[in-house]
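> My file is start-v2.pdb. It has PDB, C-alpha atoms:
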ATOM      1  CA  MET E   1      58.888 132.032  99.892
ATOM      2  CA  ALA E   2      56.612 129.154 100.928
ATOM      3  CA  ALA E   3      54.022 129.957 103.587
ATOM      4  CA  HIS E   4      54.515 128.509 107.074
ATOM      5  CA  LYS E   5      52.463 125.334 107.583
ATOM      6  CA  VAL E   6      50.408 125.698 110.735
ATOM      7  CA  THR E   7      50.454 122.708 113.108
ATOM      8  CA  SER E   8      47.807 121.372 115.479
ATOM      9  CA  MET E   9      50.131 122.253 118.371
ATOM     10  CA  GLU E  10      49.957 125.935 117.403
ATOM     11  CA  VAL E  11      46.160 125.755 117.249
ATOM     12  CA  ALA E  12      46.094 124.102 120.680
ATOM     13  CA  ARG E  13      48.337 126.789 122.130
ATOM     14  CA  LEU E  14      46.182 129.641 120.771
ATOM     15  CA  ALA E  15      42.932 127.961 121.806
ATOM     16  CA  GLY E  16      44.238 127.081 125.262
ATOM     17  CA  VAL E  17      43.483 123.378 124.892
ATOM     18  CA  SER E  18      45.477 120.179 124.509
ATOM     19  CA  GLN E  19      46.670 118.882 121.124
ATOM     20  CA  SER E  20      44.439 115.833 121.595
ATOM     21  CA  ALA E  21      41.436 118.159 121.938
ATOM     22  CA  VAL E  22      42.284 119.710 118.551
ATOM     23  CA  SER E  23      42.504 116.226 117.085
ATOM     24  CA  ARG E  24      39.062 115.292 118.488
ATOM     25  CA  VAL E  25      37.459 118.426 117.050
ATOM     26  CA  PHE E  26      38.631 117.542 113.539
ATOM     27  CA  THR E  27      37.954 113.797 113.772
ATOM     28  CA  PRO E  28      34.475 112.766 112.530
ATOM     29  CA  GLY E  29      32.548 111.019 115.278
ATOM     30  CA  ALA E  30      34.955 112.030 118.070
ATOM     31  CA  SER E  31      33.650 113.714 121.218
ATOM     32  CA  ALA E  32      34.403 117.312 122.232
ATOM     33  CA  SER E  33      32.426 119.898 124.210
ATOM     34  CA  LYS E  34      30.700 122.749 122.422
ATOM     35  CA  LYS E  35      32.993 125.253 124.144
ATOM     36  CA  THR E  36      36.106 123.370 123.059
ATOM     37  CA  VAL E  37      34.849 123.078 119.468
ATOM     38  CA  GLU E  38      34.191 126.820 119.310
ATOM     39  CA  LYS E  39      37.628 127.731 120.692
ATOM     40  CA  VAL E  40      39.479 125.288 118.442
ATOM     41  CA  ARG E  41      37.664 126.270 115.273
ATOM     42  CA  LYS E  42      38.140 129.978 116.016
ATOM     43  CA  ALA E  43      41.886 129.458 116.531
ATOM     44  CA  ALA E  44      42.151 127.265 113.425
ATOM     45  CA  LYS E  45      40.427 129.906 111.313
ATOM     46  CA  GLU E  46      42.640 132.661 112.681
ATOM     47  CA  LEU E  47      45.816 130.696 111.945
ATOM     48  CA  GLY E  48      44.637 129.214 108.632
ATOM     49  CA  TYR E  49      44.986 125.650 109.922
ATOM     50  CA  ARG E  50      43.714 122.666 107.948
ATOM     51  CA  PRO E  51      43.886 119.115 109.382
ATOM     52  CA  ASN E  52      46.006 116.572 107.506
ATOM     53  CA  VAL E  53      43.374 113.998 106.536
ATOM     54  CA  LEU E  54      45.860 111.601 104.951
ATOM     55  CA  ALA E  55      48.128 111.631 108.008
ATOM     56  CA  ARG E  56      45.146 110.906 110.235
ATOM     57  CA  ALA E  57      44.179 108.031 107.949
ATOM     58  CA  MET E  58      47.647 106.483 108.340
ATOM     59  CA  VAL E  59      47.230 106.529 112.130
ATOM     60  CA  SER E  60      43.596 105.391 112.270
ATOM     61  CA  GLY E  61      43.644 103.022 109.310
ATOM     62  CA  LYS E  62      40.520 104.760 107.974
ATOM     63  CA  SER E  63      40.718 107.351 105.202
ATOM     64  CA  ARG E  64      36.947 107.971 104.979
ATOM     65  CA  ILE E  65      37.495 108.087 101.224
ATOM     66  CA  ILE E  66      35.373 106.075  98.779
ATOM     67  CA  GLY E  67      36.721 105.305  95.316
ATOM     68  CA  LEU E  68      34.041 105.740  92.655
ATOM     69  CA  VAL E  69      34.776 104.098  89.286
ATOM     70  CA  VAL E  70      32.757 105.161  86.251
ATOM     71  CA  ALA E  71      33.117 104.684  82.520
ATOM     72  CA  TYR E  72      30.035 106.096  80.879
ATOM     73  CA  LEU E  73      29.455 109.771  81.618
ATOM     74  CA  GLU E  74      27.923 110.494  78.184
ATOM     75  CA  ASN E  75      24.709 108.883  79.394
ATOM     76  CA  GLN E  76      22.764 111.466  81.425
ATOM     77  CA  PHE E  77      21.813 108.796  83.960
ATOM     78  CA  TYR E  78      25.349 108.561  85.333
ATOM     79  CA  PRO E  79      26.284 112.199  86.073
ATOM     80  CA  GLU E  80      23.009 112.553  87.967
ATOM     81  CA  ALA E  81      23.481 109.257  89.816
ATOM     82  CA  LEU E  82      27.102 110.091  90.691
ATOM     83  CA  GLU E  83      26.013 113.435  92.124
ATOM     84  CA  LYS E  84      23.460 111.639  94.304
ATOM     85  CA  LEU E  85      26.063 109.084  95.420
ATOM     86  CA  SER E  86      28.582 111.794  96.272
ATOM     87  CA  ASN E  87      26.037 113.836  98.240
ATOM     88  CA  GLU E  88      24.819 110.788 100.169
ATOM     89  CA  LEU E  89      28.350 109.730 101.094
ATOM     90  CA  GLN E  90      29.340 113.254 102.128
ATOM     91  CA  GLN E  91      26.320 113.433 104.411
ATOM     92  CA  ARG E  92      27.622 110.252 106.067
ATOM     93  CA  GLY E  93      31.074 111.777 106.604
ATOM     94  CA  TYR E  94      32.877 110.274 103.602
ATOM     95  CA  HIS E  95      34.632 111.859 100.656
ATOM     96  CA  VAL E  96      34.663 110.642  97.055
ATOM     97  CA  LEU E  97      37.508 110.178  94.581
ATOM     98  CA  ILE E  98      36.281 109.597  91.024
ATOM     99  CA  PHE E  99      38.308 107.396  88.667
ATOM    100  CA  MET E 100      37.559 106.939  84.972
ATOM    101  CA  ALA E 101      37.741 103.515  83.347
ATOM    102  CA  GLU E 102      36.933 102.063  79.946
ATOM    103  CA  GLN E 103      33.470 100.634  79.382
ATOM    104  CA  THR E 104      34.922  97.251  78.442
ATOM    105  CA  ALA E 105      37.002  95.136  80.833
ATOM    106  CA  GLY E 106      40.190  96.697  79.408
ATOM    107  CA  ASN E 107      41.784  98.825  82.093
ATOM    108  CA  ILE E 108      39.546  98.282  85.114
ATOM    109  CA  ASP E 109      42.108  96.105  86.938
ATOM    110  CA  ALA E 110      44.765  98.803  86.617
ATOM    111  CA  VAL E 111      42.294 101.460  87.768
ATOM    112  CA  VAL E 112      41.310  99.457  90.850
ATOM    113  CA  GLU E 113      44.986  98.875  91.711
ATOM    114  CA  GLU E 114      45.446 102.650  91.557
ATOM    115  CA  ILE E 115      42.403 103.191  93.771
ATOM    116  CA  LEU E 116      43.750 100.763  96.362
ATOM    117  CA  ASP E 117      46.990 102.784  96.482
ATOM    118  CA  TYR E 118      44.926 105.693  97.842
ATOM    119  CA  GLN E 119      43.975 103.637 100.906
ATOM    120  CA  VAL E 120      40.248 104.012 100.213
ATOM    121  CA  ASP E 121      37.782 102.530 102.683
ATOM    122  CA  GLY E 122      35.540 101.166  99.927
ATOM    123  CA  ILE E 123      34.819 101.141  96.203
ATOM    124  CA  ILE E 124      31.642 101.744  94.184
ATOM    125  CA  ALA E 125      31.906 100.589  90.576
ATOM    126  CA  ALA E 126      29.358 102.048  88.160
ATOM    127  CA  SER E 127      28.941 101.072  84.490
ATOM    128  CA  VAL E 128      32.154  99.045  84.322
ATOM    129  CA  ALA E 129      32.951  95.410  83.578
ATOM    130  CA  MET E 130      35.055  93.418  86.037
ATOM    131  CA  SER E 131      37.571  90.652  85.519
ATOM    132  CA  SER E 132      36.828  87.438  87.391
ATOM    133  CA  ASN E 133      39.573  87.909  89.986
ATOM    134  CA  LEU E 134      38.962  91.583  90.758
ATOM    135  CA  SER E 135      36.546  91.133  93.655
ATOM    136  CA  GLU E 136      38.970  88.666  95.241
ATOM    137  CA  ARG E 137      41.784  91.194  94.903
ATOM    138  CA  CYS E 138      39.690  93.767  96.795
ATOM    139  CA  ARG E 139      38.708  91.233  99.454
ATOM    140  CA  VAL E 140      42.366  90.362 100.057
ATOM    141  CA  ALA E 141      43.097  94.082 100.453
ATOM    142  CA  GLY E 142      40.219  94.381 102.939
ATOM    143  CA  VAL E 143      38.380  96.920 100.768
ATOM    144  CA  PRO E 144      34.663  96.209 100.180
ATOM    145  CA  MET E 145      33.181  96.876  96.737
ATOM    146  CA  VAL E 146      29.600  97.378  95.593
ATOM    147  CA  LEU E 147      28.503  97.401  91.963
ATOM    148  CA  PHE E 148      26.066 100.144  90.985
ATOM    149  CA  ASN E 149      23.759  99.566  88.002
ATOM    150  CA  ARG E 150      25.741  96.470  87.060
ATOM    151  CA  SER E 151      25.777  92.914  88.349
ATOM    152  CA  GLN E 152      28.293  90.090  88.149
ATOM    153  CA  ASP E 153      27.963  86.319  88.226
ATOM    154  CA  ASP E 154      30.366  86.332  91.200
ATOM    155  CA  PRO E 155      28.110  85.423  94.167
ATOM    156  CA  ASN E 156      30.500  87.124  96.596
ATOM    157  CA  MET E 157      30.064  90.578  95.062
ATOM    158  CA  SER E 158      27.320  92.954  96.203
ATOM    159  CA  ALA E 159      25.330  94.721  93.495
ATOM    160  CA  VAL E 160      22.442  97.179  93.276
ATOM    161  CA  THR E 161      20.476  97.542  90.033
ATOM    162  CA  SER E 162      17.014  98.333  88.840
ATOM    163  CA  ASP E 163      14.996  95.251  87.959
ATOM    164  CA  ASN E 164      16.134  95.208  84.342
ATOM    165  CA  TYR E 165      14.481  91.889  83.514
ATOM    166  CA  SER E 166      11.098  93.067  84.775
ATOM    167  CA  GLY E 167      11.553  96.377  82.950
ATOM    168  CA  GLY E 168      12.160  94.570  79.668
ATOM    169  CA  ARG E 169       9.003  92.533  80.175
ATOM    170  CA  LYS E 170       6.940  95.656  80.862
ATOM    171  CA  ILE E 171       8.064  97.201  77.587
ATOM    172  CA  ALA E 172       7.178  94.085  75.576
ATOM    173  CA  GLU E 173       3.751  93.826  77.214
ATOM    174  CA  PHE E 174       3.114  97.513  76.530
ATOM    175  CA  LEU E 175       4.044  97.273  72.835
ATOM    176  CA  LEU E 176       2.007  94.093  72.377
ATOM    177  CA  ALA E 177      -1.028  95.685  74.047
ATOM    178  CA  ALA E 178      -0.724  98.573  71.559
ATOM    179  CA  GLY E 179      -1.160  96.060  68.728
ATOM    180  CA  HIS E 180       2.454  95.944  67.518
ATOM    181  CA  ARG E 181       3.698  92.653  66.095
ATOM    182  CA  LYS E 182       6.753  93.643  64.043
ATOM    183  CA  ILE E 183       8.954  94.677  66.954
ATOM    184  CA  GLY E 184      12.673  95.482  66.818
ATOM    185  CA  HIS E 185      15.364  95.887  69.450
ATOM    186  CA  ILE E 186      18.423  98.133  69.348
ATOM    187  CA  ALA E 187      20.769  96.587  71.883
ATOM    188  CA  GLY E 188      23.525  98.208  73.910
ATOM    189  CA  TRP E 189      26.961  96.829  74.738
ATOM    190  CA  GLU E 190      26.743  93.028  74.926
ATOM    191  CA  GLY E 191      29.091  92.835  77.921
ATOM    192  CA  ALA E 192      26.764  94.807  80.184
ATOM    193  CA  SER E 193      24.458  92.976  82.583
ATOM    194  CA  THR E 194      21.913  95.766  82.064
ATOM    195  CA  GLN E 195      21.734  94.966  78.349
ATOM    196  CA  ARG E 196      21.588  91.229  78.934
ATOM    197  CA  ASP E 197      18.790  91.377  81.503
ATOM    198  CA  ARG E 198      16.666  93.998  79.738
ATOM    199  CA  GLU E 199      16.719  92.038  76.495
ATOM    200  CA  ALA E 200      16.098  88.722  78.258
ATOM    201  CA  GLY E 201      12.949  90.068  79.914
ATOM    202  CA  PHE E 202      11.810  91.656  76.666
ATOM    203  CA  ILE E 203      12.278  88.467  74.609
ATOM    204  CA  SER E 204      10.631  86.360  77.321
ATOM    205  CA  ALA E 205       7.415  88.401  77.280
ATOM    206  CA  LEU E 206       7.311  88.415  73.478
ATOM    207  CA  ALA E 207       7.756  84.630  73.405
ATOM    208  CA  GLU E 208       4.899  84.110  75.865
ATOM    209  CA  ALA E 209       2.677  85.985  73.391
ATOM    210  CA  GLY E 210       3.910  83.826  70.506
ATOM    211  CA  ILE E 211       5.907  86.688  68.968
ATOM    212  CA  THR E 212       9.518  86.490  67.819
ATOM    213  CA  LEU E 213      11.774  89.516  67.539
ATOM    214  CA  HIS E 214      11.386  91.038  64.079
ATOM    215  CA  SER E 215      14.819  92.652  63.884
ATOM    216  CA  ARG E 216      17.835  93.380  66.077
ATOM    217  CA  THR E 217      20.859  95.667  65.763
ATOM    218  CA  GLN E 218      23.467  96.967  68.218
ATOM    219  CA  GLY E 219      24.041 100.549  69.291
ATOM    220  CA  GLU E 220      26.785  99.791  71.869
ATOM    221  CA  PHE E 221      25.267 102.415  74.222
ATOM    222  CA  THR E 222      26.591 105.272  72.030
ATOM    223  CA  MET E 223      24.574 107.809  70.059
ATOM    224  CA  GLU E 224      26.660 107.434  66.901
ATOM    225  CA  LYS E 225      26.311 103.665  66.719
ATOM    226  CA  ALA E 226      22.641 103.864  67.674
ATOM    227  CA  ALA E 227      22.071 106.129  64.665
ATOM    228  CA  GLU E 228      23.922 103.636  62.431
ATOM    229  CA  ALA E 229      21.895 100.773  63.891
ATOM    230  CA  THR E 230      18.671 102.661  63.107
ATOM    231  CA  ARG E 231      19.664 103.179  59.466
ATOM    232  CA  THR E 232      20.436  99.466  59.159
ATOM    233  CA  MET E 233      17.218  98.339  60.836
ATOM    234  CA  PHE E 234      14.990 100.585  58.719
ATOM    235  CA  ALA E 235      16.747 100.041  55.390
ATOM    236  CA  SER E 236      14.226  97.333  54.443
ATOM    237  CA  ASP E 237      11.193  95.695  56.061
ATOM    238  CA  PRO E 238      11.186  98.128  58.990
ATOM    239  CA  PRO E 239       9.575  97.277  62.359
ATOM    240  CA  GLU E 240       6.447  98.949  63.702
ATOM    241  CA  ALA E 241       7.998  99.498  67.124
ATOM    242  CA  VAL E 242      11.491  99.570  68.612
ATOM    243  CA  PHE E 243      12.741  98.979  72.127
ATOM    244  CA  VAL E 244      16.055 100.837  72.541
ATOM    245  CA  ALA E 245      18.218  99.546  75.412
ATOM    246  CA  ASN E 246      18.640 102.972  77.007
ATOM    247  CA  ASP E 247      17.447 106.566  76.622
ATOM    248  CA  HIS E 248      20.889 107.843  75.612
ATOM    249  CA  MET E 249      20.596 105.808  72.414
ATOM    250  CA  ALA E 250      16.842 106.301  72.074
ATOM    251  CA  VAL E 251      17.112 110.051  71.510
ATOM    252  CA  ALA E 252      19.596 109.405  68.678
ATOM    253  CA  VAL E 253      17.250 106.779  67.254
ATOM    254  CA  MET E 254      14.350 109.247  67.269
ATOM    255  CA  ASP E 255      16.436 111.978  65.636
ATOM    256  CA  THR E 256      17.530 109.570  62.895
ATOM    257  CA  LEU E 257      14.007 108.319  62.276
ATOM    258  CA  ARG E 258      12.508 111.789  62.044
ATOM    259  CA  PHE E 259      15.202 113.934  60.460
ATOM    260  CA  GLU E 260      17.039 111.444  58.223
ATOM    261  CA  LEU E 261      14.452 108.817  57.341
ATOM    262  CA  GLY E 262      11.392 111.072  57.322
ATOM    263  CA  LEU E 263       9.352 108.857  59.647
ATOM    264  CA  LYS E 264       6.885 110.096  62.253
ATOM    265  CA  VAL E 265       7.106 109.007  65.893
ATOM    266  CA  PRO E 266       4.799 107.413  67.011
ATOM    267  CA  GLU E 267       2.544 107.469  63.922
ATOM    268  CA  ASP E 268       4.957 105.411  61.770
ATOM    269  CA  VAL E 269       6.981 103.734  64.522
ATOM    270  CA  SER E 270       6.756 103.558  68.305
ATOM    271  CA  VAL E 271       9.987 104.056  70.274
ATOM    272  CA  VAL E 272      10.560 103.059  73.909
ATOM    273  CA  GLY E 273      13.728 103.571  75.947
ATOM    274  CA  PHE E 274      15.042 102.704  79.409
ATOM    275  CA  ASP E 275      16.388 104.904  82.298
ATOM    276  CA  ASP E 276      14.165 108.038  82.209
ATOM    277  CA  VAL E 277      17.039 110.516  81.922
ATOM    278  CA  PRO E 278      16.153 114.246  81.905
ATOM    279  CA  ALA E 279      16.139 114.405  78.074
ATOM    280  CA  ALA E 280      13.379 111.773  77.977
ATOM    281  CA  GLY E 281      10.964 114.329  79.407
ATOM    282  CA  TRP E 282      11.952 117.137  77.048
ATOM    283  CA  PRO E 283       9.151 118.096  74.622
ATOM    284  CA  ALA E 284      11.485 117.373  71.695
ATOM    285  CA  TYR E 285      11.544 113.664  72.647
ATOM    286  CA  ASN E 286       8.649 113.002  75.053
ATOM    287  CA  LEU E 287      10.048 109.484  75.357
ATOM    288  CA  THR E 288       8.152 106.548  76.810
ATOM    289  CA  THR E 289      10.638 104.704  79.014
ATOM    290  CA  VAL E 290      11.210 102.592  82.114
ATOM    291  CA  ARG E 291      12.392 104.762  85.000
ATOM    292  CA  GLN E 292      15.418 103.603  86.949
ATOM    293  CA  PRO E 293      14.728 104.338  90.661
ATOM    294  CA  ALA E 294      18.020 106.202  91.120
ATOM    295  CA  ASN E 295      17.316 107.522  94.630
ATOM    296  CA  ARG E 296      16.616 104.069  96.022
ATOM    297  CA  MET E 297      19.520 102.553  94.114
ATOM    298  CA  VAL E 298      21.876 105.162  95.598
ATOM    299  CA  ALA E 299      20.515 104.727  99.132
ATOM    300  CA  ASP E 300      20.869 100.924  99.012
ATOM    301  CA  THR E 301      24.359 101.103  97.499
ATOM    302  CA  VAL E 302      25.614 103.437 100.235
ATOM    303  CA  GLU E 303      23.902 101.404 102.968
ATOM    304  CA  ILE E 304      25.491  98.145 101.811
ATOM    305  CA  LEU E 305      28.960  99.639 101.430
ATOM    306  CA  LEU E 306      28.982 101.450 104.788
ATOM    307  CA  ASP E 307      27.622  98.362 106.550
ATOM    308  CA  GLN E 308      30.627  96.463 105.223
ATOM    309  CA  ILE E 309      33.046  99.266 106.180
ATOM    310  CA  GLU E 310      31.695 100.194 109.603
ATOM    311  CA  ASN E 311      30.244  96.882 110.812
ATOM    312  CA  ASN E 312      32.627  94.491 109.043
ATOM    313  CA  SER E 313      29.675  92.826 107.348
ATOM    314  CA  ASN E 314      30.865  90.311 104.785
ATOM    315  CA  GLU E 315      27.494  89.069 103.620
ATOM    316  CA  PRO E 316      27.104  89.946  99.902
ATOM    317  CA  ARG E 317      23.785  91.511  98.961
ATOM    318  CA  ARG E 318      22.201  91.711  95.514
ATOM    319  CA  ILE E 319      19.263  94.070  95.111
ATOM    320  CA  ALA E 320      17.114  94.655  92.019
ATOM    321  CA  ILE E 321      14.595  97.491  92.432
ATOM    322  CA  ASP E 322      11.463  97.636  90.313
ATOM    323  CA  GLY E 323      10.964 100.777  88.206
ATOM    324  CA  PRO E 324       7.739 102.019  86.575
ATOM    325  CA  LEU E 325       6.999 102.352  82.875
ATOM    326  CA  ILE E 326       6.594 106.083  82.189
ATOM    327  CA  LEU E 327       4.083 106.691  79.392
ATOM    328  CA  ARG E 328       4.743 109.667  77.122
ATOM    329  CA  GLY E 329       4.207 110.435  73.446
ATOM    330  CA  SER E 330       6.913 108.464  71.601
ATOM    331  CA  ALA E 331       4.906 105.240  71.478
ATOM    332  CA  ARG E 332       1.332 104.334  70.668
ATOM    333  CA  ILE E 333      -0.582 104.031  73.965
ATOM    334  CA  PRO E 334      -2.856 100.971  74.211
ATOM    335  CA  GLU E 335      -6.541 101.538  74.720
ATOM    336  CA  GLY E 336      -7.366 101.809  78.403
ATOM    337  CA  TRP E 337      -3.792 102.695  79.464
ATOM    338  CA  THR E 338      -3.328 106.100  81.084
ATOM    339  CA  THR E 339      -0.234 108.308  81.050
TER
END
Is it possible to express this structure as structure tokens?

Amino acid sequence: MAAHKVTSMEVARLAGVSQSAVSRVFTPGASASKKTVEKVRKAAKELGYRPNVLARAMVSGKSRIIGLVVAYLENQFYPEALEKLSNELQQRGYHVLIFMAEQTAGNIDAVVEEILDYQVDGIIAASVAMSSNLSERCRVAGVPMVLFNRSQDDPNMSAVTSDNYSGGRKIAEFLLAAGHRKIGHIAGWEGASTQRDREAGFISALAEAGITLHSRTQGEFTMEKAAEATRTMFASDPPEAVFVANDHMAVAVMDTLRFELGLKVPEDVSVVGFDDVPAAGWPAYNLTTVRQPANRMVADTVEILLDQIENNSNEPRRIAIDGPLILRGSARIPEGWTT
């Protein structure tokens, strides 16, 4: 037999308070005296009462739920970043629903339509591509969206990223200072703004030094394709150094170079990645990389989204945060540079 569902009226009766007092105790931001809170929570615990969050959302128009869209959990950067986002939002009184999407533009529209059905207060989209009309669809629904670690050409959409262009330049300048001239690039997925901006900065700094890219292949941000791209790049006339578009691919590149092709890193070839995921610091890889400032990216993303939700701000903001080049042992270190 199904258990009896305890109501707020029963809690109020046991606690000796009004039903509205029970409602205030379980409403974030509402006012109730310490004595009332203690009595209500004691009665609720005794009766096994849980407030109906969805019902309250229908009355207030606020669910305090944030939809979080992600498509790329294989990369260690994202599980860690999503944990930080979830913790930050929970500390601000919001809850997170995670939705999975494809990395390409494929099913993101359908996923966002599903998110909107849950009456979310806002959406954070990480590592996904958007169709051109998606931000407008969210605006019409009155649901603000912020892109995390992606940007769009749409000037009305807020986005928070690391400074990918600057990071690409730093890597090129580092490799050039180490004396490398035959420099390759293993790119990620072409549809990602992170890939586009990192490569653009990298190529720009090479060009200023009078150097053209020696070789280029695509790893699509997957380990399997990064390994294939490495075999192709090093089949003939191999480069002296390689910039890999992210660390997730870079560890596969290093494994392929060392264990399949018999090359030493960095003696035979320097390898540099981007993100500074936990594996980059493991002794097995000791990967030189540009660190994405995840804590600041998370803080700015949450601040922008909650400003739009709580203060009805409609001013789009686009933030690119500079990240440092972390020197380790996978690349030749130029004379005078310190780790």
> Here is a test: counting only C-alpha atoms, which residue of E:Lys62, E:Ala294, E:Ile333, E:Val37 is nearest to Leu82 (chain E)?
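Of all the options, E:Ala294 lies closest to Leu82 (chain E).
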> Name the residues that the PyMOL selection byres ((chain E and resi 167) around 8) pulls out of this structure, and write them as a list in words.
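Applying the expression gives Asp163, Asn164, Tyr165, Ser166, Gly168, Arg169, Lys170, Ile171, Arg198, Gly201, Phe202, Val290, Asp322, Gly323, Pro324 and Leu325 of chain E.
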> From the options E:Val22, E:Ala187, E:Ala81, E:Val69, which residue's atoms come nearest to Ala110 (chain E), counting all atoms listed in the file?
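Closest candidate: E:Val69.
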> Quick one: which residues end up in the PyMOL selection byres ((chain E and resi 265-273) around 9) for this structure, as a PDB file with C-alpha atoms, keeping the file's coordinate frame?

ATOM      1  CA  ILE E 171       8.064  97.201  77.587  1.00  0.00           C
ATOM      2  CA  LEU E 175       4.044  97.273  72.835  1.00  0.00           C
ATOM      3  CA  HIS E 180       2.454  95.944  67.518  1.00  0.00           C
ATOM      4  CA  PRO E 238      11.186  98.128  58.990  1.00  0.00           C
ATOM      5  CA  PRO E 239       9.575  97.277  62.359  1.00  0.00           C
ATOM      6  CA  GLU E 240       6.447  98.949  63.702  1.00  0.00           C
ATOM      7  CA  ALA E 241       7.998  99.498  67.124  1.00  0.00           C
ATOM      8  CA  VAL E 242      11.491  99.570  68.612  1.00  0.00           C
ATOM      9  CA  PHE E 243      12.741  98.979  72.127  1.00  0.00           C
ATOM     10  CA  VAL E 244      16.055 100.837  72.541  1.00  0.00           C
ATOM     11  CA  ALA E 245      18.218  99.546  75.412  1.00  0.00           C
ATOM     12  CA  ASN E 246      18.640 102.972  77.007  1.00  0.00           C
ATOM     13  CA  ASP E 247      17.447 106.566  76.622  1.00  0.00           C
ATOM     14  CA  HIS E 248      20.889 107.843  75.612  1.00  0.00           C
ATOM     15  CA  MET E 249      20.596 105.808  72.414  1.00  0.00           C
ATOM     16  CA  ALA E 250      16.842 106.301  72.074  1.00  0.00           C
ATOM     17  CA  VAL E 251      17.112 110.051  71.510  1.00  0.00           C
ATOM     18  CA  VAL E 253      17.250 106.779  67.254  1.00  0.00           C
ATOM     19  CA  MET E 254      14.350 109.247  67.269  1.00  0.00           C
ATOM     20  CA  LEU E 257      14.007 108.319  62.276  1.00  0.00           C
ATOM     21  CA  ARG E 258      12.508 111.789  62.044  1.00  0.00           C
ATOM     22  CA  LEU E 263       9.352 108.857  59.647  1.00  0.00           C
ATOM     23  CA  LYS E 264       6.885 110.096  62.253  1.00  0.00           C
ATOM     24  CA  PHE E 274      15.042 102.704  79.409  1.00  0.00           C
ATOM     25  CA  ASP E 275      16.388 104.904  82.298  1.00  0.00           C
ATOM     26  CA  ASP E 276      14.165 108.038  82.209  1.00  0.00           C
ATOM     27  CA  ALA E 280      13.379 111.773  77.977  1.00  0.00           C
ATOM     28  CA  LEU E 287      10.048 109.484  75.357  1.00  0.00           C
ATOM     29  CA  THR E 288       8.152 106.548  76.810  1.00  0.00           C
ATOM     30  CA  THR E 289      10.638 104.704  79.014  1.00  0.00           C
ATOM     31  CA  VAL E 290      11.210 102.592  82.114  1.00  0.00           C
ATOM     32  CA  GLY E 329       4.207 110.435  73.446  1.00  0.00           C
ATOM     33  CA  SER E 330       6.913 108.464  71.601  1.00  0.00           C
ATOM     34  CA  ALA E 331       4.906 105.240  71.478  1.00  0.00           C
ATOM     35  CA  ARG E 332       1.332 104.334  70.668  1.00  0.00           C
TER      36      ARG E 332
END
> Report, in Å with one decimal, the straight-line distance from CA of Trp337 (chain E) to CA of Ala177 (chain E).
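Going from CA of Trp337 (chain E) over to CA of Ala177 (chain E), I get 9.3 Å.
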> With the file shown as input, list the residues that the PyMOL selection byres ((chain E and resi 9) around 12) selects, as a list in words.
Lys5, Val6, Thr7, Ser8, Glu10, Val11, Ala12, Arg13, Leu14, Ala15, Gly16, Val17, Ser18, Gln19, Ser20, Ala21, Val22, Ser23, Val40, Ala43, Ala44, Leu47, Tyr49 and Pro51 of chain E
> E:Leu261, E:Ile123, E:Trp282, E:Met233: which is nearest Ala159 (chain E), counting only C-alpha atoms?
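So, comparing all the options, the nearest one is E:Ile123.
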> So, with only C-alpha atoms as the atoms that count, which of E:Ala200, E:Leu327, E:Ala229, E:Ile66 lies closest to Val96 (chain E)?
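Smallest distance to Val96 (chain E) is found for E:Ile66.
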> Of the candidates E:Cys138, E:Ala30, E:Val120, E:Ala209, which shows the shortest atom-to-atom distance to Gly67 (chain E), using all atoms listed in the file?
E:Val120
> Between CA of Ile98 (chain E) and CA of Ser162 (chain E), measure the distance and give it in Å to one decimal.
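Straight-line distance from CA of Ile98 (chain E) to CA of Ser162 (chain E) works out to 22.4 Å.
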> What separation in Å, quoted to one decimal, exists between CA of Ile309 (chain E) and CA of Val146 (chain E)?
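Going from CA of Ile309 (chain E) over to CA of Val146 (chain E), I get 11.3 Å.
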> Determine the nearest neighbour of Phe148 (chain E) from the options E:Ala320, E:Leu134, E:Ala226, E:Val160, counting all atoms listed in the file.
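For Phe148 (chain E), the nearest of the candidates is E:Val160.
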> Neighbourhood query: residues within 7 Å of (26.4, 91.8, 97.5), file coordinates, counting all atoms listed in the file; return as a list of chain:residue names.
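Looking at atoms near the point gives E:Val146, E:Asn156, E:Met157, E:Ser158, E:Ala159, E:Glu315, E:Pro316, E:Arg317, E:Arg318.
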